[in-house]
Each structure stands twice: as structure tokens, then as C-alpha cells.
>>> print(open('upload.cif').read())   # mmCIF, C-alpha atoms and all ligand atoms
data_my_file
loop_
_atom_site.label_atom_id
_atom_site.label_comp_id
_atom_site.auth_asym_id
_atom_site.auth_seq_id
_atom_site.Cartn_x
_atom_site.Cartn_y
_atom_site.Cartn_z
CA MET F 788 11.43 39.14 -0.43
CA SER F 789 10.52 35.89 -2.27
CA ARG F 790 9.47 33.00 -0.05
CA ILE F 791 9.36 29.24 -0.22
CA ALA F 792 7.45 26.86 2.04
CA VAL F 793 8.38 23.49 3.52
CA LEU F 794 6.43 20.72 5.24
CA THR F 795 7.15 17.21 6.49
CA SER F 796 4.44 14.63 5.96
CA GLY F 797 3.64 10.94 6.66
CA GLY F 798 5.70 8.91 9.16
CA ASP F 799 8.70 10.87 10.41
CA SER F 800 12.12 9.76 9.25
CA PRO F 801 15.60 10.47 10.61
CA GLY F 802 17.18 13.25 8.58
CA MET F 803 14.03 15.33 8.06
CA ASN F 804 15.41 18.08 10.32
CA SER F 805 18.74 17.99 8.47
CA ALA F 806 16.88 18.50 5.18
CA VAL F 807 14.94 21.47 6.61
CA THR F 808 18.21 22.95 7.87
CA SER F 809 19.76 22.64 4.42
CA ILE F 810 16.68 24.24 2.87
CA ALA F 811 16.86 27.12 5.38
CA ARG F 812 20.58 27.71 4.80
CA THR F 813 20.21 27.67 1.01
CA ALA F 814 17.15 29.91 1.16
CA ALA F 815 19.06 32.41 3.32
CA TYR F 816 21.99 32.27 0.90
CA TYR F 817 19.71 33.26 -1.99
CA GLY F 818 17.85 35.87 0.07
CA LEU F 819 14.62 33.88 0.24
CA SER F 820 12.53 33.63 3.38
CA LEU F 821 11.27 30.24 4.54
CA ILE F 822 7.75 29.42 5.66
CA GLY F 823 7.35 26.29 7.80
CA ILE F 824 4.03 24.45 7.68
CA LYS F 825 3.26 22.25 10.66
CA ARG F 826 1.89 18.69 10.59
CA GLY F 827 2.08 18.08 6.86
CA TYR F 828 -0.82 19.06 4.65
CA ASN F 829 -3.00 19.51 7.76
CA GLY F 830 -1.07 22.70 8.53
CA LEU F 831 -1.93 24.16 5.13
CA LEU F 832 -5.58 23.78 6.01
CA GLY F 833 -5.25 25.00 9.60
CA LEU F 834 -6.72 21.68 10.74
CA LYS F 835 -5.01 21.47 14.12
CA ASP F 836 -4.10 24.78 15.69
CA GLY F 837 -5.42 27.14 13.01
CA ALA F 838 -3.49 28.56 10.08
CA GLU F 839 -1.98 31.41 12.19
CA ASN F 840 -0.13 28.90 14.37
CA ASP F 841 0.51 26.17 11.83
CA ILE F 842 2.11 28.43 9.21
CA TYR F 843 5.00 30.62 10.31
CA GLU F 844 8.26 32.13 9.14
CA MET F 845 11.23 29.99 10.17
CA ASN F 846 14.14 31.65 11.87
CA LEU F 847 17.53 30.44 10.58
CA ASP F 848 19.09 30.46 14.05
CA THR F 849 16.42 28.14 15.46
CA VAL F 850 16.62 25.91 12.42
CA LEU F 851 20.41 25.55 12.76
CA ASP F 852 19.93 24.17 16.28
CA LEU F 853 17.81 21.34 14.88
CA ALA F 854 20.05 19.95 12.20
CA ASP F 855 21.22 16.78 13.93
CA LEU F 856 18.08 16.03 15.90
CA PRO F 857 15.91 13.02 15.13
CA GLY F 858 12.17 13.43 14.64
CA THR F 859 10.79 16.43 12.78
CA TYR F 860 10.60 19.84 14.43
CA LEU F 861 7.86 20.82 11.95
CA ARG F 862 5.80 17.87 13.24
CA THR F 863 4.24 15.51 10.78
CA ALA F 864 0.92 13.85 10.13
CA ARG F 865 -1.02 11.98 7.50
CA CYS F 866 -3.92 13.93 5.99
CA ALA F 867 -6.79 11.74 4.80
CA GLN F 868 -8.78 14.84 3.76
CA PHE F 869 -6.18 15.56 1.07
CA MET F 870 -7.74 12.79 -1.06
CA ASP F 871 -10.63 15.19 -1.61
CA PRO F 872 -10.06 17.48 -4.65
CA LYS F 873 -11.91 20.36 -2.95
CA VAL F 874 -9.57 20.17 0.03
CA ARG F 875 -6.55 20.24 -2.29
CA GLU F 876 -7.98 23.30 -4.05
CA GLU F 877 -8.30 25.02 -0.67
CA ALA F 878 -4.68 24.13 0.15
CA ALA F 879 -3.53 25.53 -3.21
CA ARG F 880 -5.50 28.74 -2.57
CA ASN F 881 -3.88 29.11 0.84
CA LEU F 882 -0.43 28.62 -0.66
CA LYS F 883 -1.12 31.21 -3.34
CA GLN F 884 -2.21 33.66 -0.62
CA LEU F 885 1.10 33.05 1.12
CA ASP F 886 2.72 34.20 -2.10
CA VAL F 887 5.34 31.44 -2.12
CA ILE F 888 7.38 30.57 -5.20
CA GLY F 889 7.05 26.90 -4.33
CA LEU F 890 6.64 24.19 -1.72
CA VAL F 891 9.12 21.51 -0.61
CA VAL F 892 7.37 18.33 0.56
CA ILE F 893 9.49 15.92 2.62
CA GLY F 894 7.63 12.62 2.85
CA GLY F 895 6.86 9.29 1.25
CA ASP F 896 4.68 7.97 -1.54
CA GLY F 897 1.35 9.36 -0.25
CA SER F 898 2.87 12.79 0.37
CA PHE F 899 4.31 12.82 -3.17
CA HIS F 900 0.88 12.05 -4.63
CA GLY F 901 -0.42 15.09 -2.72
CA ALA F 902 2.44 17.20 -4.13
CA GLN F 903 1.70 15.93 -7.65
CA GLN F 904 -1.87 17.16 -7.31
CA LEU F 905 -0.76 20.54 -5.97
CA CYS F 906 1.53 20.92 -9.02
CA LYS F 907 -1.52 20.41 -11.23
CA LEU F 908 -3.18 23.28 -9.33
CA GLY F 909 -0.30 25.61 -10.21
CA ILE F 910 1.92 25.23 -7.12
CA PRO F 911 5.52 24.34 -8.02
CA CYS F 912 6.45 21.49 -5.67
CA ILE F 913 9.69 19.63 -5.01
CA GLY F 914 9.61 16.28 -3.20
CA ILE F 915 12.38 14.98 -0.93
CA PRO F 916 11.83 11.25 -0.24
CA GLY F 917 11.55 11.16 3.56
CA THR F 918 10.59 7.68 4.73
CA ILE F 919 12.44 4.84 6.44
CA ASP F 920 10.67 2.30 4.19
CA ASN F 921 12.79 2.77 1.03
CA ASP F 922 9.67 2.06 -1.00
CA LEU F 923 10.11 4.76 -3.68
CA PRO F 924 11.53 2.91 -6.70
CA TYR F 925 12.96 5.96 -8.55
CA THR F 926 15.62 6.48 -5.87
CA GLU F 927 18.20 4.01 -4.56
CA MET F 928 17.70 5.31 -1.04
CA THR F 929 15.09 7.30 0.82
CA LEU F 930 15.95 9.67 3.65
CA GLY F 931 15.92 7.77 6.97
CA TYR F 932 16.36 4.30 5.50
CA ASP F 933 20.07 4.10 6.29
CA THR F 934 19.43 5.17 9.90
CA ALA F 935 16.61 2.65 10.33
CA VAL F 936 18.80 -0.16 8.99
CA ASN F 937 21.68 0.85 11.28
CA CYS F 938 19.30 0.93 14.24
CA ASP F 939 18.09 -2.57 13.36
CA VAL F 940 21.60 -3.87 12.81
CA GLU F 941 22.61 -2.70 16.28
CA ALA F 942 19.52 -4.32 17.80
CA VAL F 943 19.94 -7.61 15.93
CA ARG F 944 23.61 -7.83 16.90
CA ALA F 945 22.60 -7.45 20.55
CA ILE F 946 19.81 -10.01 20.17
CA ARG F 947 22.17 -12.48 18.51
CA ALA F 948 24.61 -12.14 21.40
CA THR F 949 22.01 -12.99 24.03
CA SER F 950 20.49 -15.65 21.74
CA ARG F 951 23.86 -17.37 21.62
CA SER F 952 24.34 -17.14 25.39
CA HIS F 953 21.01 -18.89 25.96
CA ASP F 954 20.90 -21.11 22.87
CA ARG F 955 17.67 -19.40 21.86
CA PRO F 956 16.91 -18.57 18.20
CA ALA F 957 15.19 -15.24 17.60
CA VAL F 958 12.38 -13.76 15.57
CA VAL F 959 13.03 -10.02 15.07
CA GLU F 960 10.33 -7.88 13.45
CA VAL F 961 11.36 -4.68 11.67
CA MET F 962 9.34 -1.93 9.98
CA GLY F 963 8.99 -1.17 6.27
CA ARG F 964 5.26 -1.39 5.57
CA ASN F 965 4.92 -3.26 2.21
CA CYS F 966 8.62 -3.09 1.44
CA GLY F 967 11.14 -5.70 2.60
CA ASP F 968 14.30 -3.61 2.07
CA ILE F 969 14.89 -2.81 5.76
CA ALA F 970 14.57 -6.51 6.64
CA LEU F 971 16.77 -7.61 3.76
CA SER F 972 19.62 -5.17 4.52
CA THR F 973 19.41 -5.88 8.24
CA ALA F 974 19.61 -9.63 7.67
CA GLU F 975 22.47 -9.21 5.21
CA ALA F 976 24.50 -6.94 7.50
CA THR F 977 24.04 -9.08 10.61
CA GLY F 978 24.52 -12.50 9.00
CA SER F 979 20.99 -13.49 9.97
CA GLU F 980 20.05 -16.84 8.53
CA ILE F 981 16.41 -16.29 7.59
CA VAL F 982 14.65 -13.23 6.20
CA LEU F 983 10.93 -12.91 5.47
CA VAL F 984 9.60 -10.09 3.29
CA PRO F 985 6.27 -9.07 1.75
CA GLU F 986 7.67 -9.43 -1.78
CA MET F 987 8.22 -13.20 -1.50
CA PRO F 988 5.82 -15.98 -0.46
CA TRP F 989 6.95 -18.13 2.47
CA SER F 990 5.54 -20.83 4.69
CA VAL F 991 5.84 -21.52 8.41
CA GLU F 992 6.71 -25.14 7.60
CA GLU F 993 9.68 -24.13 5.41
CA VAL F 994 10.96 -21.73 8.07
CA ALA F 995 10.62 -24.44 10.74
CA GLU F 996 12.49 -26.91 8.55
CA ARG F 997 15.39 -24.51 7.96
CA LEU F 998 15.52 -23.52 11.63
CA THR F 999 15.58 -27.18 12.71
CA LYS F 1000 18.56 -27.81 10.42
CA LEU F 1001 20.41 -24.72 11.66
CA VAL F 1002 19.89 -25.63 15.32
CA ALA F 1003 20.86 -29.26 14.68
CA ALA F 1004 24.09 -27.97 13.12
CA GLY F 1005 24.81 -26.03 16.32
CA ASN F 1006 23.62 -22.58 15.22
CA THR F 1007 21.57 -21.63 18.25
CA ARG F 1008 21.78 -17.90 17.52
CA ALA F 1009 19.84 -18.40 14.28
CA THR F 1010 17.86 -15.25 13.59
CA ILE F 1011 14.71 -14.76 11.56
CA VAL F 1012 14.40 -11.13 10.48
CA VAL F 1013 10.79 -10.56 9.51
CA ALA F 1014 9.49 -7.44 7.79
CA GLU F 1015 6.25 -6.22 9.38
CA GLY F 1016 4.52 -6.61 6.00
CA ALA F 1017 5.70 -10.20 5.49
CA TYR F 1018 2.74 -11.79 7.29
CA ALA F 1019 0.68 -10.87 4.22
CA SER F 1020 2.85 -13.07 1.99
CA MET F 1021 2.70 -16.09 4.35
CA LYS F 1022 1.16 -19.18 2.76
CA PRO F 1023 -2.04 -20.22 4.59
CA PHE F 1024 -1.28 -21.69 8.00
CA ASP F 1025 -3.85 -22.13 10.75
CA VAL F 1026 -2.05 -20.94 13.85
CA TYR F 1027 -5.12 -21.75 15.98
CA GLU F 1028 -5.30 -25.38 14.89
CA TYR F 1029 -1.59 -25.74 15.37
CA LEU F 1030 -1.22 -24.17 18.82
CA ARG F 1031 -4.48 -25.37 20.44
CA PRO F 1032 -3.13 -28.83 21.34
CA PHE F 1033 -0.36 -27.05 23.26
CA GLY F 1034 -2.98 -25.24 25.36
CA LYS F 1035 -2.35 -21.90 23.66
CA GLU F 1036 -5.21 -19.41 23.50
CA VAL F 1037 -5.14 -18.08 19.95
CA TYR F 1038 -8.26 -16.57 18.45
CA HIS F 1039 -9.38 -18.16 15.24
CA GLY F 1040 -8.39 -16.10 12.24
CA GLN F 1041 -5.96 -13.98 14.25
CA HIS F 1042 -3.25 -12.57 12.03
CA MET F 1043 0.24 -13.92 12.38
CA ASN F 1044 2.66 -11.72 14.30
CA ALA F 1045 6.18 -11.98 15.72
CA ASN F 1046 5.10 -13.54 19.02
CA LEU F 1047 2.81 -16.08 17.37
CA LEU F 1048 5.50 -16.97 14.87
CA ALA F 1049 8.02 -17.51 17.67
CA SER F 1050 5.56 -19.67 19.70
CA THR F 1051 4.66 -21.72 16.64
CA LEU F 1052 8.31 -22.27 15.68
CA LYS F 1053 9.12 -23.18 19.27
CA HIS F 1054 6.61 -26.01 19.15
CA MET F 1055 7.60 -27.13 15.67
CA THR F 1056 11.37 -27.10 16.24
CA HIS F 1057 11.61 -27.65 20.03
CA ALA F 1058 14.02 -24.71 20.16
CA GLU F 1059 13.39 -21.89 22.67
CA VAL F 1060 12.49 -19.27 20.03
CA ARG F 1061 11.92 -15.71 21.36
CA ALA F 1062 10.47 -12.65 19.65
CA THR F 1063 11.45 -8.99 19.59
CA VAL F 1064 9.57 -6.23 17.79
CA ILE F 1065 11.96 -3.31 17.31
CA GLY F 1066 9.25 -0.72 16.62
CA TYR F 1067 9.47 3.05 16.66
CA THR F 1068 13.11 3.31 17.75
CA GLN F 1069 13.78 2.79 14.04
CA ARG F 1070 12.14 6.15 13.31
CA GLY F 1071 13.45 8.13 16.27
CA CYS F 1072 17.17 7.40 15.96
CA GLN F 1073 19.88 10.00 15.48
CA PRO F 1074 20.35 10.23 11.68
CA THR F 1075 23.47 8.58 10.26
CA ALA F 1076 26.09 10.51 8.28
CA ARG F 1077 24.74 8.93 5.07
CA ASP F 1078 21.24 10.26 5.73
CA CYS F 1079 22.57 13.68 6.77
CA THR F 1080 24.66 14.03 3.61
CA PHE F 1081 21.70 13.12 1.42
CA ALA F 1082 19.52 15.56 3.40
CA PHE F 1083 22.08 18.33 2.87
CA GLU F 1084 22.29 17.79 -0.90
CA ALA F 1085 18.56 17.25 -1.38
CA GLY F 1086 17.59 20.34 0.64
CA ASN F 1087 20.03 22.46 -1.33
CA MET F 1088 18.84 21.09 -4.68
CA ALA F 1089 15.18 21.69 -3.77
CA VAL F 1090 15.74 25.41 -3.17
CA VAL F 1091 17.97 25.85 -6.24
CA LEU F 1092 15.24 24.26 -8.40
CA LEU F 1093 12.45 26.44 -7.03
CA LYS F 1094 14.57 29.59 -7.27
CA SER F 1095 15.20 28.71 -10.94
CA GLY F 1096 11.46 28.42 -11.56
CA ILE F 1097 11.50 24.61 -11.79
CA GLY F 1098 8.79 22.63 -9.97
CA ASN F 1099 7.10 19.27 -10.36
CA GLN F 1100 10.32 17.42 -9.43
CA VAL F 1101 11.43 14.88 -6.84
CA ILE F 1102 14.97 14.39 -5.59
CA GLY F 1103 16.70 11.04 -5.28
CA THR F 1104 20.08 9.38 -5.17
CA ARG F 1105 21.62 7.07 -7.76
CA ASN F 1106 25.22 5.82 -8.03
CA ASN F 1107 26.01 7.97 -5.00
CA ARG F 1108 24.87 11.13 -6.81
CA THR F 1109 21.89 13.30 -5.88
CA PHE F 1110 19.60 13.92 -8.85
CA HIS F 1111 16.12 15.18 -9.67
CA THR F 1112 13.45 13.86 -11.97
CA SER F 1113 9.85 14.66 -12.76
CA ILE F 1114 7.37 13.67 -10.07
CA ASP F 1115 5.13 12.03 -12.69
CA THR F 1116 7.96 9.83 -14.00
CA ALA F 1117 9.12 8.96 -10.49
CA LEU F 1118 5.68 7.82 -9.34
CA CYS F 1119 5.32 5.51 -12.38
CA GLU F 1120 8.48 3.51 -11.65
CA THR F 1121 8.14 -0.03 -10.36
CA ARG F 1122 10.26 -1.72 -7.74
CA ASN F 1123 12.93 -4.23 -8.54
CA PHE F 1124 13.22 -6.46 -5.46
CA LYS F 1125 16.65 -8.06 -4.87
CA GLU F 1126 15.42 -11.63 -5.15
CA SER F 1127 18.85 -13.22 -5.58
CA LEU F 1128 20.07 -11.60 -2.34
CA TYR F 1129 16.93 -12.85 -0.60
CA ASN F 1130 17.60 -16.39 -1.84
CA LEU F 1131 21.25 -16.19 -0.84
CA ILE F 1132 20.50 -15.12 2.74
CA ASN F 1133 17.90 -17.86 3.11
CA SER F 1134 20.16 -20.59 1.80
CA LEU F 1135 23.72 -20.01 3.10
O1 LIG P 1 6.07 4.58 6.71
C1 LIG P 1 6.88 4.55 7.83
C2 LIG P 1 6.34 3.59 8.86
O2 LIG P 1 7.19 3.64 10.00
C3 LIG P 1 6.16 2.16 8.39
O3 LIG P 1 7.36 1.46 8.38
C4 LIG P 1 5.15 1.67 9.38
O4 LIG P 1 4.37 0.62 8.84
C5 LIG P 1 4.28 2.88 9.59
O5 LIG P 1 5.06 4.02 9.27
C6 LIG P 1 3.77 3.02 11.00
O6 LIG P 1 2.92 4.11 11.02
P1 LIG P 1 2.34 4.77 12.33
O7 LIG P 1 3.32 5.81 12.76
O8 LIG P 1 1.05 5.36 11.89
O9 LIG P 1 2.19 3.68 13.34
#
>>> encode(input="upload.cif", output="C-alpha cells", more="lines below")
Ligand code: F6P
Amino acid sequence: MSRIAVLTSGGDSPGMNSAVTSIARTAAYYGLSLIGIKRGYNGLLGLKDGAENDIYEMNLDTVLDLADLPGTYLRTARCAQFMDPKVREEAARNLKQLDVIGLVVIGGDGSFHGAQQLCKLGIPCIGIPGTIDNDLPYTEMTLGYDTAVNCDVEAVRAIRATSRSHDRPAVVEVMGRNCGDIALSTAEATGSEIVLVPEMPWSVEEVAERLTKLVAAGNTRATIVVAEGAYASMKPFDVYEYLRPFGKEVYHGQHMNANLLASTLKHMTHAEVRATVIGYTQRGCQPTARDCTFAFEAGNMAVVLLKSGIGNQVIGTRNNRTFHTSIDTALCETRNFKESLYNLINSL
């Protein structure tokens, strides 16, 4: 019986289990057996529990029970050793010994670079973009992004309700690494008045000025949605010099964060600004229907491609259609940040 292998790699993302379920169902349909590899590329190298435990044949019945669950049953991890060409050669050798017709990699940018290298070593690989960050430019949406945004929207709505009750503006930090898409969509969907992203430079003074105007106009639920990567695009501002006269203990050179931003804005605007960091709930949420439908189509497409002898591809979605393209082309694409939407949110 021909076999294919699957692994999940990088940060987990809601919908990974749904994708594995779709892969398992399609594999069973075509009479292929499915090998699960635990903890990303680490499992291929037996780095955690040894190859005997990290690589195993997946049972369709067990897989079907997982479909709607958040997290990834296969576990996930980042694998720094995979940067080493010798380690990748070992992984390719192990895959060849498993006699698989190909490998499906569900993960983000780093995981796709690993898959690209494995393709060069003769292993047909298919990538499914599993990351909440939405930072893969070739696809309009990555798996897990929609769930993360919905999680943030629910949280921001709740924060805005209590902000209004107490006349307290809010700073809400969301994930996304170097990509501001989660912050942008969350701010757009919740009617938040300020959004800060890594793609655009911003200054504490400008944010304070806009917040002062909003509060003066009676908008005491004003919300600043800040992407975790946005502190890197902040124009120089010495938080220490600013907060010291207020008796605040801030270490010199300390990086800006949600709490520091809220304290600084509180002193600059005299509004009772509070901070919330949403954190890992964004990754552990129940996947939305949108993510599950993409997972279903992507998982199916991955198996059909491998069964047809086609590798070196990644799957994405464009104009509401699931498509595939070469991994090399996909990794060369550059992002097109929605600057006009950013400006609109920050000015209305
Ligand atoms: O890439 C997904 C992501 O959740 C990012 O948004 C975040 O910066 C990072 O992973 C957090 O990684 P870790 O799980 O290692 O804390």
C-alpha cells in the first residue's frame, strides 16, 4: 500500500486537526495509508521520543474524532537544527526509508522553507499554510487566521463594553509576529479607533494626541489595537524619561509593551487607559467554519497532488477558491499591506 506522511510545524493554528482529518479521509479514499510525524521536523529526526514513537501510522477512526478540536493532535515544534543541511539530509533519508510518496507540511513560512529544502533532496512535499499570522503573501488567508481574528473580535467587544462602563480607553495587544493583519482586521471589525502595526511607523505622541481628541469628544471606549510586532515600528520615545517624574520604575532601554504604552498614555492624556494582552487564546480557539472549510479543501488537494505525482507545491486561497502553486514562486512573493485601510481606521 502506498503511504504519505503529514506533520504540523511552527506555532499551532486552529484548523490544523481539520486539515489532518481531511488528509486522512482522502488518503483512505484513494487506498493510501497515512504516517503521522510528531512535533514537526523534530519527529523525523527522532529528537524527542525516538523515531519509533514519533513516527506512526494514523488510524482513520482516531483522526475523525479530532476534526473539530483546536490545537494539533500531532503536536508541533520549531526545529532549529533543520537549518543545518546535514540534518535535512538525515530527515530526507528517514523519509525515503519510510517509503512515502510524499510529505504534507502544515505550518508557516519557516516550515515551508524546510519543505522547499526537502523537495530539493527528492522528497515531494506539499505545504498547507498553517499559521494565525497571515504572513504568507501568496495566499489571501492562512489556516487559523480567521479563528484568531474572531477570537480577538470577541475579546475586544467585551473590553469595549467594560471600557465604556468605566470611561476607560483600552490598549489591546494581539499576536501576528511581524504582520499587522490580525490587528488590522480586529480593529476594522470592532470599530476600534486606533490600530498600530509593524508595517507602519507611529509615535506615542501622535497616539496620545488622537486619544485626547477622542476622549474630549466623549468617546471613552476608544480602543488602541496594537499588533505585538508594532513596538518595532515605534518612533524613538524614551519611556524611562517620560515616566520617571511620575514615580514609575521603568528600566532604561526597556522595550515598549502594552502595559507601558497604557501607563504612558494615561499620563499624557489623563484618561484611565488600561491594557489587555490577549495572548495564546488566539491560537487555542475552536476553529471557525471558514478555517475548517479551507482545511477540508487544502487537505484534500494535498493528497490528490501527491497521488498524482506532483510535489513542490503549496496550497492557498484566492477569490474564495483553493489553489496550488509552486513553493518556490510562493516564497518569493512580497506582501501588499492594506495601507489605505490602516489610514481609514486611524482617521475616522
Ligand atoms: O507564529 C504564530 C505565533 O503565535 C505568533 O503570532 C507569535 O509571535 C508566536 O507564534 C509566539 O510563539 P511561541 O509559541 O513560541 O510563544
>>> residues_near_point(input="upload.cif", point="(2.9, -12.8, 20.3)", cutoff="12 Å", atoms="all atoms listed in the file", output="PyMOL selection string")
chain F and resi 958-960+1026+1035-1038+1041-1052+1060-1064
>>> closest_residue(input="upload.cif", among="F:Met803, F:Ile919, F:Cys906, F:Ala948", to="Ile1114 in chain F", atoms="only C-alpha atoms")
F:Cys906
>>> residues_around(input="upload.cif", residues="Ala935 in chain F", least_positions_apart="2", cutoff="8 Å", atoms="all atoms listed in the file", output="PyMOL selection string")
chain F and resi 801+919+931-933+937-939+969+1069-1070+1072
>>> closest_residue(input="upload.cif", among="F:Asp920, F:Glu1028, F:Glu927, F:Glu876", to="ligand LIG 1 (chain P)", atoms="all atoms listed in the file")
F:Asp920
>>> closest_residue(input="upload.cif", among="F:Ser990, F:Pro956, F:Ser1127, F:Ala1085", to="Glu1059 in chain F", atoms="all atoms listed in the file")
F:Pro956
>>> closest_atom_pairs(input="upload.cif", of="chain F", to="ligand LIG 1 (chain P)", cutoff="12 Å", atoms="only C-alpha atoms and all ligand atoms", output="CSV")
residue,atom,partner,partner_atom,distance
F:Ser796,CA,P:LIG1,O1,10.2
F:Gly797,CA,P:LIG1,O1,6.8
F:Gly798,CA,P:LIG1,C1,4.7
F:Asp799,CA,P:LIG1,C1,7.1
F:Ser800,CA,P:LIG1,C1,7.5
F:Pro801,CA,P:LIG1,O2,10.9
F:Gly858,CA,P:LIG1,O7,11.8
F:Thr863,CA,P:LIG1,O7,9.9
F:Ala864,CA,P:LIG1,O8,8.7
F:Arg865,CA,P:LIG1,O8,8.2
F:Cys866,CA,P:LIG1,O8,11.5
F:Gly894,CA,P:LIG1,O1,9.1
F:Gly895,CA,P:LIG1,O1,7.3
F:Asp896,CA,P:LIG1,O1,9.0
F:Gly897,CA,P:LIG1,O1,9.7
F:Ser898,CA,P:LIG1,O1,10.9
F:Pro916,CA,P:LIG1,O1,11.2
F:Gly917,CA,P:LIG1,O1,9.1
F:Thr918,CA,P:LIG1,C1,5.8
F:Ile919,CA,P:LIG1,C1,5.7
F:Asp920,CA,P:LIG1,O3,5.4
F:Asn921,CA,P:LIG1,O1,9.0
F:Asp922,CA,P:LIG1,O1,8.9
F:Leu923,CA,P:LIG1,O1,11.1
F:Thr929,CA,P:LIG1,O1,11.1
F:Leu930,CA,P:LIG1,C1,11.2
F:Gly931,CA,P:LIG1,C1,9.6
F:Tyr932,CA,P:LIG1,C1,9.8
F:Ala935,CA,P:LIG1,O2,9.5
F:Val936,CA,P:LIG1,O3,11.6
F:Glu960,CA,P:LIG1,O3,11.0
F:Val961,CA,P:LIG1,O3,8.0
F:Met962,CA,P:LIG1,O3,4.2
F:Gly963,CA,P:LIG1,O3,3.7
F:Arg964,CA,P:LIG1,O4,3.9
F:Asn965,CA,P:LIG1,O4,7.7
F:Cys966,CA,P:LIG1,O3,8.4
F:Gly967,CA,P:LIG1,O3,9.9
F:Asp968,CA,P:LIG1,O3,10.7
F:Ile969,CA,P:LIG1,O3,9.0
F:Ala970,CA,P:LIG1,O3,10.9
F:Ala1014,CA,P:LIG1,O3,9.2
F:Glu1015,CA,P:LIG1,O4,7.1
F:Gly1016,CA,P:LIG1,O4,7.8
F:Ala1017,CA,P:LIG1,O4,11.4
F:Ile1065,CA,P:LIG1,O3,11.1
F:Gly1066,CA,P:LIG1,O2,8.2
F:Tyr1067,CA,P:LIG1,O2,7.1
F:Thr1068,CA,P:LIG1,O2,9.8
F:Gln1069,CA,P:LIG1,O2,7.8
F:Arg1070,CA,P:LIG1,O2,6.5
F:Gly1071,CA,P:LIG1,O2,9.9
>>> write_last_selection(input="upload.cif", atoms="C-alpha atoms", output="mmCIF file, in the coordinates of the input")
data_model
loop_
_atom_site.group_PDB
_atom_site.id
_atom_site.type_symbol
_atom_site.label_atom_id
_atom_site.label_comp_id
_atom_site.auth_asym_id
_atom_site.auth_seq_id
_atom_site.Cartn_x
_atom_site.Cartn_y
_atom_site.Cartn_z
ATOM 1 C CA SER F 796 4.440 14.630 5.960
ATOM 2 C CA GLY F 797 3.640 10.940 6.660
ATOM 3 C CA GLY F 798 5.700 8.910 9.160
ATOM 4 C CA ASP F 799 8.700 10.870 10.410
ATOM 5 C CA SER F 800 12.120 9.760 9.250
ATOM 6 C CA PRO F 801 15.600 10.470 10.610
ATOM 7 C CA GLY F 858 12.170 13.430 14.640
ATOM 8 C CA THR F 863 4.240 15.510 10.780
ATOM 9 C CA ALA F 864 0.920 13.850 10.130
ATOM 10 C CA ARG F 865 -1.020 11.980 7.500
ATOM 11 C CA CYS F 866 -3.920 13.930 5.990
ATOM 12 C CA GLY F 894 7.630 12.620 2.850
ATOM 13 C CA GLY F 895 6.860 9.290 1.250
ATOM 14 C CA ASP F 896 4.680 7.970 -1.540
ATOM 15 C CA GLY F 897 1.350 9.360 -0.250
ATOM 16 C CA SER F 898 2.870 12.790 0.370
ATOM 17 C CA PRO F 916 11.830 11.250 -0.240
ATOM 18 C CA GLY F 917 11.550 11.160 3.560
ATOM 19 C CA THR F 918 10.590 7.680 4.730
ATOM 20 C CA ILE F 919 12.440 4.840 6.440
ATOM 21 C CA ASP F 920 10.670 2.300 4.190
ATOM 22 C CA ASN F 921 12.790 2.770 1.030
ATOM 23 C CA ASP F 922 9.670 2.060 -1.000
ATOM 24 C CA LEU F 923 10.110 4.760 -3.680
ATOM 25 C CA THR F 929 15.090 7.300 0.820
ATOM 26 C CA LEU F 930 15.950 9.670 3.650
ATOM 27 C CA GLY F 931 15.920 7.770 6.970
ATOM 28 C CA TYR F 932 16.360 4.300 5.500
ATOM 29 C CA ALA F 935 16.610 2.650 10.330
ATOM 30 C CA VAL F 936 18.800 -0.160 8.990
ATOM 31 C CA GLU F 960 10.330 -7.880 13.450
ATOM 32 C CA VAL F 961 11.360 -4.680 11.670
ATOM 33 C CA MET F 962 9.340 -1.930 9.980
ATOM 34 C CA GLY F 963 8.990 -1.170 6.270
ATOM 35 C CA ARG F 964 5.260 -1.390 5.570
ATOM 36 C CA ASN F 965 4.920 -3.260 2.210
ATOM 37 C CA CYS F 966 8.620 -3.090 1.440
ATOM 38 C CA GLY F 967 11.140 -5.700 2.600
ATOM 39 C CA ASP F 968 14.300 -3.610 2.070
ATOM 40 C CA ILE F 969 14.890 -2.810 5.760
ATOM 41 C CA ALA F 970 14.570 -6.510 6.640
ATOM 42 C CA ALA F 1014 9.490 -7.440 7.790
ATOM 43 C CA GLU F 1015 6.250 -6.220 9.380
ATOM 44 C CA GLY F 1016 4.520 -6.610 6.000
ATOM 45 C CA ALA F 1017 5.700 -10.200 5.490
ATOM 46 C CA ILE F 1065 11.960 -3.310 17.310
ATOM 47 C CA GLY F 1066 9.250 -0.720 16.620
ATOM 48 C CA TYR F 1067 9.470 3.050 16.660
ATOM 49 C CA THR F 1068 13.110 3.310 17.750
ATOM 50 C CA GLN F 1069 13.780 2.790 14.040
ATOM 51 C CA ARG F 1070 12.140 6.150 13.310
ATOM 52 C CA GLY F 1071 13.450 8.130 16.270
#
>>> closest_residue(input="upload.cif", among="F:Ser820, F:Thr999, F:Met987, F:Val850", to="Lys1022 in chain F", atoms="all atoms listed in the file")
F:Met987
>>> residues_around(input="upload.cif", residues="Arg1108 in chain F", least_positions_apart="4", cutoff="12 Å", atoms="all atoms listed in the file", output="list in words")
Thr926, Glu927, Met928, Thr1080, Phe1081, Glu1084, Ala1085, Met1088, Ile1102, Gly1103 and Thr1104 of chain F
>>> atom_distance(input="upload.cif", atom1="CA of Ala1076 in chain F", atom2="CA of Thr934 in chain F")
8.7 Å
>>> closest_residue(input="upload.cif", among="F:Ala815, F:Ile981, F:Leu890, F:Val940", to="Thr795 in chain F", atoms="only C-alpha atoms")
F:Leu890
>>> atom_distance(input="upload.cif", atom1="CA of Val943 in chain F", atom2="CA of Tyr1029 in chain F")
28.2 Å
>>> closest_residue(input="upload.cif", among="F:Leu1001, F:Ile1097, F:Ile824, F:Met788", to="Leu1135 in chain F", atoms="all atoms listed in the file")
F:Leu1001
